Amino acid sequence: MTGVTAGTVVVLVIGVVLGLAGAVCWDRVRRGDAERWYRLGAQVRAISARLRECADLQALLDEAADALGGAIDVDQLLVQLVQGDRVMAPSAAFRRAHPPADATAPSLWGSEALDDPVTLRAGHAVTVDLRRAAAPTAHLRSVAEATGAQVVAVVPVVAAGDLLAVLVATGSGRRRFTPQETALMEAVAWSVSRALQSQRLGEQKAALQDGRRQLDRSKSDFVASVSHELRTPLTSIAGYAEMLLDGDGGPVSEGQREMLDIIGRNTGRLQTLIEDLLTIGKIESAAPRVEPGDVPVALLLRAAEAVMAPAVSAADLRLEVASGGDLVIEGDRDQLEQVLLNLVGNAVKFTPAGGRVTLGAADLGHGRVELTVTDTGIGVPEQEQGHLFTRFFRASNATERATPGAGLGLSIVESIVAAHGGEVTLASTEGVGTLVTVRLPGHARVPAPS
Amino acid sequence: MDQRLPSPAAPTAPLVGGRRRGGPTVVVAEDDEEIRRLVARKLRSVGMEVLEASSGLAALALVTTRRPDLVVLDVVLPGLSGIEICQALRCDPAYASLAVFLISAAAAPDDIRRGLAAGATEYVVKPFSPRLLAERVGLALAPR
């Protein structure tokens, strides 16, 4: 009885001791694990900080390889970009001293098919012990050949479901990679993914801009060549019509004269349209190139007056033009002249006989000069005033009256004024008249010190 | 360019009917036949003698053999361009003061500058009025 009891006690004691020992060991394992995870967090933070410092993508890839290679006990650490379903030769590599082979030697790498993409594409790391199993993919076979690796961990770099790159850690004659090590690689993969994405976005943006520029160029080339091609037949039409009208082809009857006049007027319209198209093409291909200089306002006003005088008298209007004083506008003379001609042209076109067109200029101070074109014309319906600067828009009362025009004049004005750093506004009352105000950088010319 | 064009004093082609038979002589070079005839006809209608050419080389040959008083050149011509002919003429003292009108469908300020820089007396943009062109030609020929 005693023997039995003593035996039981011994067994119990042994059991308790073993149990305690087991518990202590398990606790140590767990604590060690926790410590390793804790260390991992610190490593991730440190590496992320180093990666953030990188100036460009290649520097970041190099840094990622170095940082990971330093943190994990590997023979080599490779960063390989993925294009489509192929893995490219390493873009960056970390090598411990005396590796079996130089992994970056280009002869060792083709672009290998990533023929087991499912796991990687889903964002999961793959670890393979090549001593126990043959390399399952062409990519891993090439890694094994190039590096002599016996253990490989592959961590995908993914973005929005796309596999952009892989981080490959290789080892030899040793244990598997630990979960902490693959976790660290995954954390770095995330940083690499962000960098690749931002580079990819940058490239897409650049390609888009490039495409747009090219489109703009070919569009303005097209407009220029079309305008050029239109001028040649127009020369014949307008020229021969004029010669007939001048009696160069024999006497012209009254009825024929009327018809020839119509041909002449319409070739004139076509010509204006061609000029406008060319200007628009120029403005679109690049903001109108402002060739800056101090342009005397008086000169601009005189030029507009001289050019418009025949049209003004033909329309039986009065044109009043301010002197312009000693004001100058900072800008391109040709373009500023075009602004005034378009505005005065509109005023003349839309003002019935007996009306008045006024050209004004004023110094607003603070480096701004104001030009105004006022007419006593048909005005613009209020609800349409907002659209007037839209290309090809024409006010309903203009189309009703069949006043010629393509709806380009004001949009040209706005583009030029904007390119000069100015603004244009329009106030109009139907049946009363229109006031267009253009404000541009300018000033009163300071008399030169004598 | 030091090279001299054949001297106007030694025409290589015989003149038919003498030079000063009618009014002033004008060479019109334009490859578009309708426009060339338009200009020629208009200039003839105001009493000028017009010699027509449809290429740059033909124009240059006419200028050097027929001693015109004025040349009207399209800028785009097969062979030599109007600009090149103009430059060639300006490099030779014998033709330095010959009035040269360039006509062109290229109407950008840069095109016009290029034409005038080549030494053109006037740069006429297509489409142009034949009447006004004839007037300008008349003015350029008027004794100053």
# chains A, B, ... in the order shown; residues from 1 in each chain; ligands from 1
$ closest_atom_pairs --of "chain B" --to "chain A" --cutoff "12 Å" --atoms "only C-alpha atoms" --output "CSV"
residue,atom,partner,partner_atom,distance
B:Glu30,CA,A:Thr232,CA,11.4
B:Asp31,CA,A:Thr232,CA,11.2
B:Asp32,CA,A:Thr232,CA,8.4
B:Glu33,CA,A:Ser236,CA,9.9
B:Glu34,CA,A:Ser236,CA,6.6
B:Ile35,CA,A:Ser236,CA,5.8
B:Arg36,CA,A:Ser236,CA,9.5
B:Arg37,CA,A:Ser236,CA,9.7
B:Leu38,CA,A:Tyr240,CA,6.8
B:Val39,CA,A:Gly239,CA,8.6
B:Ala40,CA,A:Met243,CA,11.8
B:Arg41,CA,A:Asp248,CA,8.5
B:Lys42,CA,A:Met243,CA,7.5
B:Leu43,CA,A:Asp248,CA,10.8
B:Arg44,CA,A:Asp248,CA,10.3
B:Ser45,CA,A:Asp248,CA,7.2
B:Val46,CA,A:Asp248,CA,10.0
B:Asp74,CA,A:Thr232,CA,11.2
B:Val76,CA,A:Thr232,CA,11.5
B:Ile103,CA,A:Thr232,CA,10.8
B:Ser104,CA,A:Thr232,CA,8.8
B:Ala105,CA,A:His228,CA,5.5
B:Ala106,CA,A:His228,CA,6.4
B:Ala107,CA,A:His228,CA,8.5
B:Ala108,CA,A:Leu278,CA,9.0
B:Pro109,CA,A:Asp334,CA,9.2
B:Val124,CA,A:Thr235,CA,11.5
B:Val125,CA,A:Arg231,CA,9.0
B:Lys126,CA,A:Arg231,CA,5.8
B:Pro127,CA,A:Thr235,CA,4.1
B:Phe128,CA,A:Thr235,CA,6.3
B:Ser129,CA,A:Gly239,CA,5.8
B:Pro130,CA,A:Gly239,CA,5.8
B:Arg131,CA,A:Met243,CA,7.6
B:Leu132,CA,A:Gly239,CA,10.4
B:Leu133,CA,A:Gly239,CA,10.4
B:Ala134,CA,A:Met243,CA,11.4
$ select_by_dssp --residues "region 76-253 of chain A" --states "helix (DSSP H, G or I)" --output "ChimeraX atom specification"
/A:106-108,117-121,138-147,179-245
$ atom_distance --atom1 "CA of Cys86 (chain B)" --atom2 "CA of Ala29 (chain B)"
11.9 Å
$ residues_around --residues "Ser411 (chain A)" --least-positions-apart "2" --cutoff "8 Å" --atoms "only C-alpha atoms" --output "JSON, numbers by chain"
{"A": [388, 389, 390, 391, 407, 408, 409, 413, 414, 415]}
$ write_last_selection --atoms "all heavy atoms" --output "mmCIF file, in the first residue's frame"
data_model
loop_
_atom_site.group_PDB
_atom_site.id
_atom_site.type_symbol
_atom_site.label_atom_id
_atom_site.label_comp_id
_atom_site.auth_asym_id
_atom_site.auth_seq_id
_atom_site.Cartn_x
_atom_site.Cartn_y
_atom_site.Cartn_z
ATOM 1 N N LEU A 388 -20.948 84.411 -74.786
ATOM 2 C CA LEU A 388 -20.370 85.143 -75.921
ATOM 3 C C LEU A 388 -18.912 84.841 -76.178
ATOM 4 O O LEU A 388 -18.436 84.947 -77.296
ATOM 5 C CB LEU A 388 -20.523 86.649 -75.684
ATOM 6 C CG LEU A 388 -21.887 87.207 -76.083
ATOM 7 C CD1 LEU A 388 -21.927 88.681 -75.774
ATOM 8 C CD2 LEU A 388 -22.149 86.972 -77.563
ATOM 9 N N PHE A 389 -18.189 84.459 -75.117
ATOM 10 C CA PHE A 389 -16.761 84.217 -75.304
ATOM 11 C C PHE A 389 -16.484 82.762 -75.672
ATOM 12 O O PHE A 389 -15.347 82.351 -75.795
ATOM 13 C CB PHE A 389 -15.984 84.626 -74.053
ATOM 14 C CG PHE A 389 -16.059 86.099 -73.793
ATOM 15 C CD1 PHE A 389 -16.954 86.624 -72.877
ATOM 16 C CD2 PHE A 389 -15.248 86.973 -74.506
ATOM 17 C CE1 PHE A 389 -17.037 87.993 -72.666
ATOM 18 C CE2 PHE A 389 -15.317 88.340 -74.299
ATOM 19 C CZ PHE A 389 -16.223 88.852 -73.380
ATOM 20 N N THR A 390 -17.565 81.985 -75.793
ATOM 21 C CA THR A 390 -17.406 80.587 -76.210
ATOM 22 C C THR A 390 -17.216 80.531 -77.713
ATOM 23 O O THR A 390 -17.944 81.183 -78.464
ATOM 24 C CB THR A 390 -18.663 79.778 -75.840
ATOM 25 O OG1 THR A 390 -18.950 80.011 -74.471
ATOM 26 C CG2 THR A 390 -18.443 78.299 -76.073
ATOM 27 N N ARG A 391 -16.238 79.730 -78.105
ATOM 28 C CA ARG A 391 -15.931 79.637 -79.521
ATOM 29 C C ARG A 391 -17.149 79.170 -80.327
ATOM 30 O O ARG A 391 -17.881 78.294 -79.899
ATOM 31 C CB ARG A 391 -14.777 78.655 -79.702
ATOM 32 C CG ARG A 391 -14.138 78.693 -81.053
ATOM 33 C CD ARG A 391 -12.903 77.859 -81.033
ATOM 34 N NE ARG A 391 -12.102 78.193 -79.858
ATOM 35 C CZ ARG A 391 -11.318 77.339 -79.265
ATOM 36 N NH1 ARG A 391 -11.240 76.123 -79.701
ATOM 37 N NH2 ARG A 391 -10.612 77.716 -78.246
ATOM 38 N N GLY A 407 -18.401 83.369 -85.045
ATOM 39 C CA GLY A 407 -18.421 83.226 -83.595
ATOM 40 C C GLY A 407 -17.037 82.980 -83.026
ATOM 41 O O GLY A 407 -16.890 82.293 -82.019
ATOM 42 N N LEU A 408 -16.025 83.532 -83.681
ATOM 43 C CA LEU A 408 -14.656 83.318 -83.196
ATOM 44 C C LEU A 408 -14.034 84.585 -82.611
ATOM 45 O O LEU A 408 -13.131 84.526 -81.788
ATOM 46 C CB LEU A 408 -13.775 82.819 -84.344
ATOM 47 C CG LEU A 408 -14.063 81.400 -84.832
ATOM 48 C CD1 LEU A 408 -13.281 81.096 -86.089
ATOM 49 C CD2 LEU A 408 -13.736 80.395 -83.750
ATOM 50 N N GLY A 409 -14.547 85.735 -83.051
ATOM 51 C CA GLY A 409 -13.905 87.010 -82.707
ATOM 52 C C GLY A 409 -13.689 87.207 -81.219
ATOM 53 O O GLY A 409 -12.580 87.489 -80.772
ATOM 54 N N VAL A 413 -10.378 87.329 -78.757
ATOM 55 C CA VAL A 413 -10.104 88.457 -77.860
ATOM 56 C C VAL A 413 -9.790 87.948 -76.457
ATOM 57 O O VAL A 413 -8.796 88.333 -75.836
ATOM 58 C CB VAL A 413 -11.309 89.422 -77.821
ATOM 59 C CG1 VAL A 413 -11.184 90.403 -76.658
ATOM 60 C CG2 VAL A 413 -11.423 90.173 -79.138
ATOM 61 N N GLU A 414 -10.641 87.048 -75.980
ATOM 62 C CA GLU A 414 -10.448 86.572 -74.608
ATOM 63 C C GLU A 414 -9.122 85.834 -74.445
ATOM 64 O O GLU A 414 -8.414 86.024 -73.452
ATOM 65 C CB GLU A 414 -11.596 85.652 -74.194
ATOM 66 C CG GLU A 414 -11.622 85.459 -72.687
ATOM 67 C CD GLU A 414 -12.624 84.424 -72.251
ATOM 68 O OE1 GLU A 414 -12.839 83.457 -73.002
ATOM 69 O OE2 GLU A 414 -13.177 84.583 -71.153
ATOM 70 N N SER A 415 -8.772 84.995 -75.422
ATOM 71 C CA SER A 415 -7.507 84.257 -75.329
ATOM 72 C C SER A 415 -6.318 85.206 -75.281
ATOM 73 O O SER A 415 -5.402 85.030 -74.484
ATOM 74 C CB SER A 415 -7.345 83.331 -76.525
ATOM 75 O OG SER A 415 -8.413 82.451 -76.604
#
$ atom_distance --atom1 "CA of Glu400 (chain A)" --atom2 "CA of Thr374 (chain A)"
22.1 Å
$ atom_distance --atom1 "CA of Leu201 (chain A)" --atom2 "CA of Asp56 (chain A)"
14.0 Å
$ select_by_dssp --residues "region 294-410 of chain A" --states "strand (DSSP E)" --output "list in words"
Asp294, Val295, Pro296, Arg318, Leu319, Glu320, Val321, Leu327, Val328, Ile329, Glu330, Arg356, Val357, Thr358, Leu359, Gly360, Ala361, Ala362, Asp363, Leu364, Gly365, Arg368, Val369, Glu370, Leu371, Thr372, Val373, Thr374 and Asp375 of chain A
$ closest_residue --among "A:Arg356, A:Arg445, A:His366, A:Arg194" --to "Ala298 (chain A)" --atoms "only C-alpha atoms"
A:Arg445
$ closest_atom_pairs --of "region 203-294 of chain A" --to "region 432-442 of chain A" --cutoff "12 Å" --atoms "only C-alpha atoms" --output "Markdown table"
| residue | atom | partner | partner_atom | distance |
| --- | --- | --- | --- | --- |
| A:Pro292 | CA | A:Pro441 | CA | 11.0 |
| A:Gly293 | CA | A:Gly442 | CA | 10.3 |
| A:Asp294 | CA | A:Gly442 | CA | 8.0 |
$ residues_around --residues "Gln76 (chain A)" --least-positions-apart "4" --cutoff "9 Å" --atoms "only C-alpha atoms" --output "VMD selection string"
chain A and resid 65 69 93 to 96 99 103 147 149 168 to 171
